[in-house]
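Working notes for the structure below.
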Amino acid sequence: MTTIKKPTTTSTTKKTYPQKRYACVALDPPWSHFQHGKLGAANHYSLMSLEQIAGLPIPDLLTDDAHVWIWVTVASRFDAQRIAEERWGLTFRSELIWDKRKTGLGNYLRGSHESLLLFTKGRAPIRFKAQRDVADWPVQDHSHKPEEAWVMIQRCSPGPYLELFARARFPGVEIWGNQAPGGSDVHLPGYPVPAYSDRAMNPTPGDGDAWSDGVIRKAA
């Protein structure tokens with residue numbers, strides 16, 4: 001997971017970035033719910049308010065028919081659905097549970113899972129109808145979402161694909177965020193990031209196999 005920070009330098013020359021649209025967007029926002037304590041996420045990265053997250057230009061990133069996947073915890077789950085439905089105009093479809101097989105934090109019940117919410121825009125049926133809604137994926141470092149999730153998403157959702165708040169690259173997926181290796185592949189107005197890749201100036205999302213930083217992103 002990554003977050004937004006102001007650029008350290010300014011330029012008098014502003015680039016005009018193309019408006020790119022995707023049939024599938026996945027995001028892992030830095031939710032602030034109960035994350036300011038000694039063991040909270042605020043010790044690892046900057047958090048965003050609900051209004052900042054709601055202001056993300058998700059509708060402008062989507063094709064007419066699209067899927068949106070949102071990572072949430074129990075604390076942020078209902079705010080995520082409210083934002084997706086009321087601010088982004090999406091329709092809730094289903095919820096996948098990632099069983100972490102470990103005891104986490106919690107004031108009442110101890111959290112042992114995270115959820116991946118699926119929303120749709122327009123006519124966007126699922127591509128794979130045998131996908132279970134509980135996943136047993138490995139737990140890695142703090143906030144590191146399993147790579148297996150993108151395998152599942154690409155099996156269920158059409159492309160082109162975009163991941164927001166990304167800190168690694170995955171085959172066939174364009175990315176955006178402060179920690180995006182090689183820079184962000186798309187520009188989000190009002191949400192500056194430290195660097196952009198050459199892909200950000202290409203109006204066609206996911207076009208081509210080998211990109212300028214040498215990373216192969218098209219799934220075999």
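Scheme for the structure tokens: letters A, B, ... for chains in order shown; per-chain residue numbers from 1; ligand numbers from 1 in order shown.
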
Which residues of stretch 117-194 of chain A have any atom within 6 Å of an atom in stretch 48-68 of chain A when counting only C-alpha atoms, and what is the closest pair of atoms for each, with the distance in Å to one decimal? Order the rows by chain and rising number and write it as CSV.
residue,atom,partner,partner_atom,distance
A:Leu118,CA,A:Val68,CA,5.9
A:Phe119,CA,A:Val68,CA,5.1
A:Thr120,CA,A:His67,CA,4.5
A:Lys121,CA,A:Ala66,CA,5.1
A:Gly122,CA,A:Asp65,CA,4.6
A:Arg123,CA,A:Asp65,CA,5.2
A:Ala124,CA,A:Asp65,CA,5.2

Compile the contact shell of stretch 175-184 of chain A as a list in words: residues with an atom at most 6 Å away, counting only C-alpha atoms, same-chain residues fewer than 5 positions apart removed.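 So the residues in contact are Thr2, Leu162, Glu163, Leu164, Phe165, Ala166, Arg167, Val193, Pro194, Ala195, Tyr196 and Ser197 of chain A.
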
What does the file look like for those residues with N, CA and C atoms, as a PDB file, in the first residue's frame?
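That gives us again-v2.pdb:
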ATOM      1  N   THR A   2       0.462   2.278  -0.658  1.00  0.00           N
ATOM      2  CA  THR A   2       1.172   3.547  -0.656  1.00  0.00           C
ATOM      3  C   THR A   2       0.172   4.661  -0.466  1.00  0.00           C
ATOM      4  N   LEU A 162      -5.768  -1.832 -14.005  1.00  0.00           N
ATOM      5  CA  LEU A 162      -5.035  -0.779 -13.287  1.00  0.00           C
ATOM      6  C   LEU A 162      -5.066  -1.074 -11.799  1.00  0.00           C
ATOM      7  N   GLU A 163      -3.912  -0.915 -11.138  1.00  0.00           N
ATOM      8  CA  GLU A 163      -3.846  -1.025  -9.679  1.00  0.00           C
ATOM      9  C   GLU A 163      -3.442   0.328  -9.099  1.00  0.00           C
ATOM     10  N   LEU A 164      -4.241   0.836  -8.167  1.00  0.00           N
ATOM     11  CA  LEU A 164      -3.930   2.078  -7.463  1.00  0.00           C
ATOM     12  C   LEU A 164      -3.297   1.769  -6.115  1.00  0.00           C
ATOM     13  N   PHE A 165      -2.373   2.623  -5.683  1.00  0.00           N
ATOM     14  CA  PHE A 165      -1.601   2.448  -4.454  1.00  0.00           C
ATOM     15  C   PHE A 165      -0.708   1.208  -4.557  1.00  0.00           C
ATOM     16  N   ALA A 166      -0.196   0.968  -5.740  1.00  0.00           N
ATOM     17  CA  ALA A 166       0.646  -0.202  -5.986  1.00  0.00           C
ATOM     18  C   ALA A 166       2.077   0.055  -5.535  1.00  0.00           C
ATOM     19  N   ARG A 167       2.742  -1.000  -5.114  1.00  0.00           N
ATOM     20  CA  ARG A 167       4.168  -0.889  -4.807  1.00  0.00           C
ATOM     21  C   ARG A 167       4.962  -2.021  -5.447  1.00  0.00           C
ATOM     22  N   VAL A 193       2.110  12.243  -7.625  1.00  0.00           N
ATOM     23  CA  VAL A 193       3.022  11.176  -7.215  1.00  0.00           C
ATOM     24  C   VAL A 193       4.437  11.583  -7.617  1.00  0.00           C
ATOM     25  N   PRO A 194       5.458  10.956  -7.051  1.00  0.00           N
ATOM     26  CA  PRO A 194       6.836  11.404  -7.303  1.00  0.00           C
ATOM     27  C   PRO A 194       7.299  11.292  -8.748  1.00  0.00           C
ATOM     28  N   ALA A 195       6.838  10.272  -9.479  1.00  0.00           N
ATOM     29  CA  ALA A 195       7.365  10.063 -10.828  1.00  0.00           C
ATOM     30  C   ALA A 195       6.339   9.356 -11.699  1.00  0.00           C
ATOM     31  N   TYR A 196       6.498   9.558 -13.018  1.00  0.00           N
ATOM     32  CA  TYR A 196       5.644   8.888 -13.992  1.00  0.00           C
ATOM     33  C   TYR A 196       6.513   8.112 -14.976  1.00  0.00           C
ATOM     34  N   SER A 197       6.011   6.978 -15.427  1.00  0.00           N
ATOM     35  CA  SER A 197       6.684   6.212 -16.462  1.00  0.00           C
ATOM     36  C   SER A 197       6.320   6.773 -17.833  1.00  0.00           C
TER      37      SER A 197
END
